[in-house]
Structure formats: structure tokens, C-alpha cells
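Here is entry_13.cif, consisting of mmCIF, C-alpha atoms and all ligand atoms:
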```
data_input
#
loop_
_atom_site.label_atom_id
_atom_site.label_comp_id
_atom_site.auth_asym_id
_atom_site.auth_seq_id
_atom_site.Cartn_x
_atom_site.Cartn_y
_atom_site.Cartn_z
CA MET A 1 99.47 164.93 139.77
CA ASP A 2 97.99 164.37 136.36
CA SER A 3 97.08 168.00 135.94
CA ARG A 4 100.46 169.16 137.16
CA ILE A 5 102.24 167.08 134.55
CA SER A 6 99.87 168.26 131.86
CA GLU A 7 100.55 171.84 132.80
CA VAL A 8 104.26 171.24 132.63
CA ALA A 9 103.74 169.71 129.21
CA GLY A 10 101.84 172.85 128.25
CA GLN A 11 98.56 171.32 127.19
CA ALA A 12 95.13 170.40 128.47
CA PRO A 13 94.68 166.75 129.40
CA PRO A 14 93.57 165.01 126.22
CA ARG A 15 90.32 163.04 126.19
CA SER A 16 90.91 159.35 126.45
CA ARG A 17 88.68 158.44 123.53
CA THR A 18 89.89 160.61 120.71
CA PRO A 19 89.00 158.51 117.68
CA LEU A 20 91.57 157.71 115.03
CA ALA A 21 90.80 158.76 111.48
CA SER A 22 88.90 156.06 109.61
CA THR A 23 91.71 155.93 107.02
CA VAL A 24 94.36 154.74 109.51
CA ASN A 25 95.42 151.23 108.55
CA ASP A 26 98.90 150.66 109.95
CA ALA A 27 100.05 150.94 113.56
CA LEU A 28 103.72 151.13 114.55
CA LYS A 29 105.26 150.55 117.96
CA ILE A 30 108.02 152.08 120.04
CA VAL A 31 108.75 150.77 123.53
CA ILE A 32 110.07 152.90 126.38
CA VAL A 33 111.75 150.68 128.90
CA GLY A 34 113.32 151.39 132.26
CA GLY A 35 113.17 150.79 136.00
CA PHE A 36 110.33 151.74 138.30
CA GLY A 37 109.85 155.48 138.66
CA VAL A 38 112.30 156.45 135.94
CA GLY A 39 109.68 158.45 134.03
CA LYS A 40 108.23 156.08 131.43
CA THR A 41 104.62 157.06 132.02
CA THR A 42 105.63 160.70 132.22
CA MET A 43 107.26 160.51 128.82
CA VAL A 44 104.29 158.72 127.24
CA ARG A 45 101.99 161.37 128.68
CA ALA A 46 104.16 164.22 127.40
CA VAL A 47 103.87 163.19 123.75
CA SER A 48 100.64 161.21 123.53
CA GLU A 49 97.48 162.57 121.93
CA ILE A 50 95.45 160.52 124.41
CA ARG A 51 95.73 160.29 128.17
CA PRO A 52 98.02 157.30 128.83
CA LEU A 53 96.00 154.12 129.23
CA SER A 54 97.11 151.03 131.02
CA THR A 55 96.37 147.42 130.49
CA GLU A 56 97.83 144.06 131.26
CA GLU A 57 98.69 140.96 129.38
CA THR A 58 98.39 137.61 131.09
CA MET A 59 100.18 134.71 129.54
CA THR A 60 99.98 131.14 130.57
CA GLY A 61 102.02 128.32 129.27
CA ALA A 62 105.11 126.22 129.44
CA GLY A 63 107.05 128.61 127.27
CA ILE A 64 107.03 131.32 129.91
CA GLY A 65 108.91 129.49 132.64
CA ILE A 66 107.89 127.12 135.34
CA ASP A 67 107.27 128.08 138.94
CA ASP A 68 109.01 125.48 141.01
CA THR A 69 107.35 126.44 144.27
CA GLY A 70 106.46 123.31 146.22
CA GLY A 71 107.82 121.11 143.50
CA VAL A 72 104.42 121.14 141.81
CA ARG A 73 104.81 121.61 138.13
CA GLU A 74 101.92 123.82 137.18
CA LYS A 75 101.33 126.04 134.26
CA SER A 76 102.74 129.38 135.29
CA THR A 77 100.95 132.60 134.61
CA THR A 78 102.88 135.77 134.03
CA THR A 79 101.17 139.12 134.07
CA VAL A 80 102.84 142.19 132.73
CA ALA A 81 101.25 145.60 133.14
CA PHE A 82 102.14 148.38 130.78
CA ASP A 83 100.85 151.74 129.77
CA PHE A 84 100.66 153.28 126.38
CA GLY A 85 99.81 156.36 124.42
CA ARG A 86 99.61 157.16 120.75
CA ILE A 87 100.62 159.68 118.13
CA SER A 88 98.82 159.95 114.79
CA LEU A 89 101.54 160.27 112.15
CA ASN A 90 99.51 160.77 108.99
CA GLU A 91 96.29 159.58 107.39
CA GLN A 92 97.46 155.97 107.26
CA LYS A 93 99.88 155.54 110.12
CA VAL A 94 99.65 155.78 113.88
CA LEU A 95 102.47 155.27 116.37
CA TYR A 96 101.84 153.54 119.71
CA LEU A 97 104.24 154.18 122.58
CA PHE A 98 104.49 151.55 125.26
CA GLY A 99 105.97 152.13 128.70
CA ALA A 100 107.24 148.76 129.80
CA PRO A 101 108.92 147.62 133.00
CA GLY A 102 112.56 146.65 132.81
CA GLN A 103 112.56 143.85 135.37
CA GLN A 104 113.94 140.49 134.55
CA ARG A 105 110.67 138.54 134.42
CA PHE A 106 109.24 140.88 131.82
CA TRP A 107 111.74 139.85 129.17
CA PHE A 108 110.22 136.42 128.74
CA LEU A 109 107.36 138.23 127.09
CA TRP A 110 109.32 140.57 124.90
CA ASP A 111 109.05 138.58 121.68
CA ARG A 112 105.39 137.87 122.06
CA LEU A 113 104.43 141.36 123.13
CA PHE A 114 106.75 143.53 121.15
CA ALA A 115 107.48 141.68 117.94
CA GLY A 116 107.46 144.20 115.14
CA THR A 117 108.52 147.07 117.39
CA LEU A 118 110.52 149.72 115.51
CA GLY A 119 112.92 150.26 118.37
CA ALA A 120 113.24 151.12 122.03
CA VAL A 121 114.11 154.02 124.29
CA VAL A 122 115.96 153.05 127.47
CA LEU A 123 115.22 155.64 130.13
CA VAL A 124 117.95 156.01 132.71
CA ASP A 125 117.76 157.63 136.13
CA THR A 126 121.35 158.50 136.97
CA ARG A 127 120.71 157.93 140.65
CA ARG A 128 120.02 154.30 139.76
CA VAL A 129 122.12 153.55 136.71
CA ALA A 130 122.35 149.84 137.52
CA ASP A 131 118.59 149.54 136.90
CA SER A 132 119.20 149.90 133.19
CA TRP A 133 122.05 147.45 132.71
CA TYR A 134 119.73 144.53 132.36
CA ALA A 135 117.45 146.24 129.84
CA ILE A 136 120.39 147.31 127.67
CA ASP A 137 121.77 143.80 127.78
CA ARG A 138 118.47 142.25 126.76
CA LEU A 139 117.85 144.70 123.93
CA GLU A 140 121.27 143.91 122.50
CA HIS A 141 120.48 140.21 122.85
CA HIS A 142 117.17 140.65 121.03
CA GLY A 143 118.82 142.67 118.27
CA MET A 144 116.39 145.49 118.98
CA PRO A 145 117.74 148.91 117.99
CA PHE A 146 117.61 151.44 120.82
CA VAL A 147 118.74 154.79 122.13
CA VAL A 148 119.45 155.68 125.75
CA ALA A 149 117.94 158.80 127.30
CA ARG A 150 119.00 160.19 130.65
CA ASN A 151 115.96 161.61 132.42
CA ASN A 152 117.32 164.42 134.53
CA PHE A 153 115.55 164.78 137.85
CA ASP A 154 118.28 167.06 139.19
CA GLU A 155 121.23 168.88 137.72
CA PRO A 156 123.30 165.99 136.24
CA GLU A 157 126.49 165.22 138.14
CA HIS A 158 128.21 163.46 135.30
CA THR A 159 128.82 164.13 131.65
CA LEU A 160 127.23 161.96 129.00
CA PRO A 161 130.59 160.36 128.10
CA GLN A 162 130.97 159.42 131.77
CA LEU A 163 127.51 157.90 131.73
CA ARG A 164 128.32 156.03 128.52
CA GLU A 165 131.30 154.57 130.29
CA ALA A 166 129.25 153.59 133.35
CA LEU A 167 126.72 151.85 131.10
CA SER A 168 129.42 150.18 128.96
CA LEU A 169 127.45 151.53 126.06
CA SER A 170 129.00 151.14 122.64
CA ASP A 171 129.72 154.30 120.65
CA ASP A 172 127.14 153.57 117.99
CA VAL A 173 124.20 153.73 120.41
CA PRO A 174 122.93 157.32 120.71
CA LEU A 175 122.86 158.71 124.26
CA VAL A 176 120.86 161.87 124.95
CA ASP A 177 119.61 163.99 127.84
CA CYS A 178 115.94 164.68 128.39
CA ASP A 179 113.27 165.93 130.71
CA ALA A 180 110.46 163.43 130.34
CA ARG A 181 107.90 165.97 131.57
CA HIS A 182 108.35 168.20 128.55
CA ARG A 183 106.81 167.44 125.22
CA ALA A 184 109.60 169.01 123.16
CA SER A 185 112.26 167.13 125.07
CA SER A 186 110.49 163.76 124.91
CA LYS A 187 109.74 164.34 121.27
CA SER A 188 113.43 164.91 120.56
CA VAL A 189 114.25 161.56 122.20
CA LEU A 190 111.83 159.82 119.85
CA ILE A 191 113.32 161.69 116.91
CA ALA A 192 116.80 160.59 118.02
CA LEU A 193 115.58 156.99 117.97
CA VAL A 194 113.99 157.26 114.53
CA ASN A 195 117.06 159.01 113.12
CA HIS A 196 119.14 156.14 114.49
CA LEU A 197 116.78 153.59 112.90
CA TYR A 198 116.93 155.51 109.65
CA ALA A 199 120.72 155.40 109.60
CA LEU A 200 120.70 151.67 110.34
CA SER A 201 118.04 151.02 107.74
CA THR A 202 119.70 152.95 104.94
CA ALA A 203 123.02 151.22 105.73
CA GLN A 204 121.19 147.90 105.43
CA GLU A 205 119.59 148.89 102.13
CA THR A 206 122.88 149.82 100.51
CA SER A 207 124.82 146.77 101.76
CA PRO A 208 122.56 143.74 101.47
CA MET B 209 82.23 140.46 134.32
CA ILE B 210 84.24 137.76 132.60
CA ARG B 211 82.79 135.12 134.88
CA GLU B 212 79.32 136.19 133.89
CA ALA B 213 80.16 136.13 130.24
CA ILE B 214 81.61 132.66 130.24
CA ASP B 215 79.25 130.93 132.67
CA GLY B 216 77.29 128.33 130.82
CA GLU B 217 79.81 128.14 128.02
CA ASN B 218 81.15 124.75 127.13
CA PRO B 219 84.16 123.55 129.15
CA ASP B 220 86.48 123.76 126.18
CA ARG B 221 85.87 127.45 125.83
CA LEU B 222 86.12 127.99 129.57
CA TYR B 223 89.46 126.22 129.49
CA THR B 224 90.50 128.50 126.71
CA VAL B 225 89.52 131.65 128.57
CA THR B 226 91.18 130.53 131.79
CA GLY B 227 94.48 129.74 130.28
CA GLY B 228 94.72 126.81 127.93
CA ARG B 229 95.24 129.04 124.98
CA SER B 230 96.84 127.84 121.83
CA ARG B 231 99.57 129.90 120.26
CA ALA B 232 97.51 130.32 117.13
CA ASP B 233 94.90 132.27 119.08
CA GLU B 234 97.43 134.60 120.58
CA ASN B 235 98.98 135.24 117.23
CA ALA B 236 95.70 136.13 115.56
CA PHE B 237 96.03 139.72 116.75
CA ASP B 238 98.94 141.99 117.46
CA LEU B 239 98.77 144.47 120.37
CA VAL B 240 98.30 147.21 117.81
CA THR B 241 96.11 145.45 115.26
CA LEU B 242 93.42 148.01 114.47
CA ILE B 243 89.87 146.79 114.91
CA VAL B 244 87.01 148.26 112.88
CA SER B 245 83.33 147.34 113.36
CA GLU B 246 81.58 145.88 110.35
CA SER B 247 78.15 145.86 111.99
CA ASP B 248 76.13 147.34 114.85
CA PRO B 249 75.48 145.52 118.12
CA THR B 250 72.36 143.37 118.09
CA PRO B 251 69.92 142.88 121.00
CA GLY B 252 70.91 140.02 123.27
CA MET B 253 74.52 140.11 122.21
CA GLN B 254 77.12 139.48 124.93
CA SER B 255 77.77 142.87 126.54
CA GLU B 256 81.52 142.88 125.84
CA HIS B 257 80.91 142.09 122.19
CA ALA B 258 78.42 144.93 121.95
CA ALA B 259 80.84 147.31 123.69
CA ILE B 260 83.58 146.42 121.21
CA LEU B 261 81.31 147.02 118.22
CA ARG B 262 80.31 150.44 119.57
CA MET B 263 83.88 151.40 120.41
CA CYS B 264 85.35 150.37 117.06
CA ARG B 265 83.18 152.44 114.73
CA SER B 266 86.48 154.15 114.00
CA PRO B 267 89.72 152.11 114.17
CA VAL B 268 90.87 151.15 117.68
CA ALA B 269 93.99 149.15 118.56
CA VAL B 270 93.63 145.90 120.49
CA VAL B 271 95.40 147.42 123.53
CA GLU B 272 92.98 150.33 123.58
CA VAL B 273 90.03 147.95 123.51
CA ALA B 274 91.59 146.09 126.45
CA ALA B 275 92.24 149.27 128.43
CA GLU B 276 88.76 150.57 127.75
CA LEU B 277 87.06 147.30 128.76
CA LYS B 278 89.48 146.89 131.69
CA LEU B 279 90.20 143.33 130.62
CA PRO B 280 93.54 141.62 130.03
CA VAL B 281 94.67 141.67 126.42
CA SER B 282 94.52 137.87 126.20
CA VAL B 283 90.82 137.87 127.12
CA VAL B 284 90.07 140.66 124.67
CA LYS B 285 91.76 138.68 121.91
CA ILE B 286 89.33 135.82 122.52
CA LEU B 287 86.37 138.18 122.31
CA LEU B 288 87.81 139.64 119.11
CA CYS B 289 88.25 136.17 117.60
CA ASP B 290 84.53 135.55 118.13
CA LEU B 291 83.66 138.78 116.35
CA LEU B 292 86.13 138.22 113.54
CA ASP B 293 84.88 134.68 112.93
CA THR B 294 81.33 135.97 112.55
CA GLY B 295 82.39 138.82 110.27
CA ARG B 296 81.34 141.57 112.68
CA ILE B 297 84.74 143.24 112.76
CA ALA B 298 87.63 143.72 110.36
CA ALA B 299 91.25 143.61 111.52
CA ARG B 300 93.95 145.87 110.06
CA HIS B 301 97.20 144.18 110.96
CA PRO B 302 100.43 146.15 111.41
CA SER B 303 102.73 145.87 108.42
CA ALA B 304 105.79 145.61 110.67
CA SER B 305 104.89 142.40 112.49
CA VAL B 306 104.71 140.35 109.31
CA GLY B 307 107.82 138.23 109.10
CA ARG B 308 109.72 140.26 111.71
CA THR B 309 112.10 142.03 109.38
CA PRO B 310 114.99 143.51 111.36
CA LEU B 311 114.43 147.10 110.29
CA PRO B 312 111.64 148.99 108.62
CA HIS B 313 112.19 150.47 105.19
CA PRO B 314 113.72 154.00 105.21
CA GLU B 315 110.60 155.30 103.48
CA ILE B 316 108.43 154.27 106.43
CA LEU B 317 110.90 155.77 108.89
CA LYS B 318 110.78 159.04 106.96
CA GLN B 319 107.02 159.13 107.44
CA VAL B 320 107.49 158.53 111.17
CA LEU B 321 110.02 161.37 111.36
CA VAL B 322 107.74 163.80 109.58
CA GLY B 323 104.85 162.78 111.83
CA LEU B 324 106.92 163.29 114.97
CA LYS B 325 108.24 166.64 113.85
CA ASN B 326 104.66 167.81 113.30
CA LEU B 327 103.83 166.95 116.87
N1 LIG A 401 111.82 166.24 138.68
C1 LIG A 401 111.47 165.35 137.76
N2 LIG A 401 110.53 164.45 138.05
C2 LIG A 401 110.17 163.54 137.12
C3 LIG A 401 110.78 163.51 135.85
N3 LIG A 401 110.26 162.48 135.12
C4 LIG A 401 109.36 161.88 135.93
N4 LIG A 401 109.29 162.53 137.14
C5 LIG A 401 108.46 162.13 138.28
O1 LIG A 401 108.88 160.86 138.73
C6 LIG A 401 107.78 160.07 139.14
C7 LIG A 401 107.79 158.74 138.43
O2 LIG A 401 107.57 158.90 137.06
P1 LIG A 401 106.73 157.85 136.19
O3 LIG A 401 106.59 158.41 134.84
O4 LIG A 401 105.47 157.47 136.88
O5 LIG A 401 107.72 156.62 136.20
P2 LIG A 401 107.53 155.16 135.58
O6 LIG A 401 107.41 154.23 136.73
O7 LIG A 401 108.80 154.90 134.82
O8 LIG A 401 106.33 155.16 134.69
C8 LIG A 401 106.53 160.89 138.83
O9 LIG A 401 106.06 161.44 140.04
C9 LIG A 401 107.01 161.96 137.89
O10 LIG A 401 106.29 163.15 138.07
C10 LIG A 401 111.77 164.51 135.56
O11 LIG A 401 112.33 164.57 134.48
N5 LIG A 401 112.08 165.40 136.54
MG MG A 402 104.63 154.00 134.89
#
```
How would this structure read if it were set down as C-alpha cells?
Amino acid sequence: MDSRISEVAGQAPPRSRTPLASTVNDALKIVIVGGFGVGKTTMVRAVSEIRPLSTEETMTGAGIGIDDTGGVREKSTTTVAFDFGRISLNEQKVLYLFGAPGQQRFWFLWDRLFAGTLGAVVLVDTRRVADSWYAIDRLEHHGMPFVVARNNFDEPEHTLPQLREALSLSDDVPLVDCDARHRASSKSVLIALVNHLYALSTAQETSP
Amino acid sequence: MIREAIDGENPDRLYTVTGGRSRADENAFDLVTLIVSESDPTPGMQSEHAAILRMCRSPVAVVEVAAELKLPVSVVKILLCDLLDTGRIAARHPSASVGRTPLPHPEILKQVLVGLKNL
């Protein structure tokens, strides 16, 4: 499957340990969020200069939420698995892309994991639109800028304005189509996000 | 592997590794803090510490170290704290996580755009 995707993306599978330049001193983050199977890993793979890697974060503590099972009040442990890739931007900066699950329990960890994230891409599978409601809601709650990308597995049945309606998405959030398997398409989603951030940031600069 | 590494450690440290972490520890490194070795591994060094020093001869983000060692990020952060405390690594923290400003400066975003377009 790996090789098939890589072929679609038009490139040989990158080595996992491609070293960063020694001058790189600042890493930025973008998070791709969405339901299971929506294409998060596929998108990371399409644009990353390394083969996507996965890891997990385990967090223990009262702040994460208490498991009430059996009435025993124990420290609860929450594990979130995510994958990531990276893009070297220039001699100083590197961008890390995280594919993160959109389920409810994951959002407890958002602040601690993704503080300092530039913004998010919400990937939507139109066959399961409801999967993305929660993620959109949480991102708005966290004040995290985002764009929504429809990953088209088949010929889309609805127009983007219809999808916007179904998602109750406000007009100022960009909504785009993509094919997560293709580098150019995934790249344009990231560019849409950064353009959006740029517009927000310049508006902020001029009206303090 | 972790078991082996922490056997014989004092109970406080074991408690730390198994979950009694303070917030301060977790905040010492971001997921994308870049780690750079400041020295070579020495004989008898804990194997994970040695692996980190070899891996980070060029900058490597904390998540990459974790993925490479196949250890949870929280455990890797503890190992990194040891190395940082003894001056064996340097940490290059991301500029964006300082103070959690709502949006990055347009100048930084321009650099990101240029980088992405070159992809
Ligand atoms: N036809 C089609 N298949 C896709 C597309 N994006 C992802 N897939 C496939 O859908 C499956 C799930 O994708 P994956 O990236 O693993 O989803 P994740 O759970 O969000 O990380 C994989 O088998 C992909 O090959 C797409 O745009 N079109
Ligand atoms: Mg995945």
C-alpha cells in the first residue's frame, strides 16, 4: 500500500532518517484533523520529505479527566497516537505536519500537544460528514484558525456551498476540494491554510 | 526496554517515569523542540541516552526521537531532561510556542508560503 501511494504521489518513498540541515533552529506545526480513514496519513505522506512516522503521547494526571469505572478514583492515563511528517521550509525553518484523530477524548490533549500550532486542516469525507462536526466545533472553541478540505474518494455528489451548509461553516472559513493522495493537491490545501492565516494575521497587525 | 533502563533507579524517578510527572517536566520540551547533541556517547551510558546522542548529530525534533526509539513522547522527554541537565544536548525551542500568541507574524507566514510553494 505504501508503494502504491508513493507512486500516486509521483515520488520514491523517502528515507525515514533524512537529516535536517544543521542551521535549522525553528520548527512550526500544522495539524491535520479528521475522522478515522479520512485520509490524514495519506495527506501527510503526499507532502512530507520523510516517510510518515508515528508515535504516541501518554498523559497521566487529574487534569485529563477521571475514569469513574468501579467508583475508584484513580489517575487516568490517556494515550493519543498520531503520525507526522515534515517539510523543510528554508535554512532556519522546518514545518511539522501532524495527523491527529478527531475523536472526542483527543481534545483534552489539544492544548498540551498542539500549543503553538499555526493552524489546522479539517479533512472531511463527504460520506461521513458528521465525523467532522465535533472537530470544527472544538477548533472554533480553541480559537485555532483552520480550513476545511473535502477529500474526494469518489465523484462528489454535492457542491461546496452545499457542503458548507451541511457543516454550518461560516463564510470566512475557506473550504476546498482535494485528493489527499496527490502532492500538488495536498500542497494546495496547506497553501490555502497559510493564505488564510496570512489574511488573519495582517488584519490583526493593522487593527490592534 | 524502559523497564530495563529504570530498574534499580530510585523510587522517585520510577514514579516519575510511570506517571507522576510534574507539569514543569512536560513543559520543558515541545513536540517539535529540536534536539542537537553537544557530545558523543560515552561507554557505559544508558542505551537510550547513547541512541539519542547519535541520532541528534543534526537537529531532530522530539517527536522524531520518540518515533525512532519507539517510546512514548512523555518517556522521551524524561530522557531528554537527563541529557539537557548534564549539558549533553542543546534544545532549540519553537518560537511559536512562547506565550501562545494567537497568530504568527505575517513575515513568518510569508516564509512558510514560499517554502510550501517550493515543494
Ligand atoms: N480513493 C481515494 N482513497 C483515498 C483517498 N485518501 C485516502 N484514501 C485511502 O483511504 C484509506 C485511509 O486513508 P488514511 O490516510 O490511512 O486515513 P487516516 O485514518 O485519516 O490517516 C487509505 O487506504 C487511503 O489509501 C482519496 O483521496 N481517494
Ligand atoms: Mg492515519
| Given the choices A:Val80, A:Leu175, A:Leu139, A:Val124, which gets closest to chain B if the distance is worked out from only C-alpha atoms? |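 Closest to chain B, using only C-alpha atoms: A:Val80.
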With only C-alpha atoms counted and 10 Å as the cut-off, give the residues of region 37-155 of chain A in contact with region 19-27 of chain A, each with its shortest interatomic distance in Å and the pair that gives it, as a tab-separated table.
```
residue	atom	partner	partner_atom	distance
A:Ile50	CA	A:Pro19	CA	9.5
A:Arg86	CA	A:Ala27	CA	9.5
A:Ile87	CA	A:Leu20	CA	9.8
A:Ser88	CA	A:Leu20	CA	7.6
A:Leu89	CA	A:Val24	CA	9.4
A:Asn90	CA	A:Val24	CA	7.9
A:Glu91	CA	A:Val24	CA	5.6
A:Gln92	CA	A:Val24	CA	4.0
A:Lys93	CA	A:Asp26	CA	5.0
A:Val94	CA	A:Ala27	CA	4.9
A:Leu95	CA	A:Ala27	CA	5.7
A:Tyr96	CA	A:Ala27	CA	6.9
```
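Closest approach to Ile316 (chain B) from the set A:Val147, A:Val129, A:Ile32, A:Leu197 is made by A:Leu197, with distances taken over only C-alpha atoms.
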| request: Find the residues around Gly39 (chain A) up to 10 Å (only C-alpha atoms counted), leave out those fewer than 3 positions away in its own chain, and share them as a list in words. | output: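 The contact residues come out as Ile32, Val33, Gly34, Gly35, Phe36, Thr42, Met43, Val44, Arg45, Gly99, Leu123, Val124, Asp125, Asn151, Asn152, Phe153, Asp179, Ala180 and Arg181 of chain A.
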| message | Taking only C-alpha atoms into account, find every residue of chain B that has an atom no more than 6 Å from chain A, and write it out as a ChimeraX atom specification. | response | /B:227,240,266-267,275,280-281,300,302,304-305,308,311,314,323
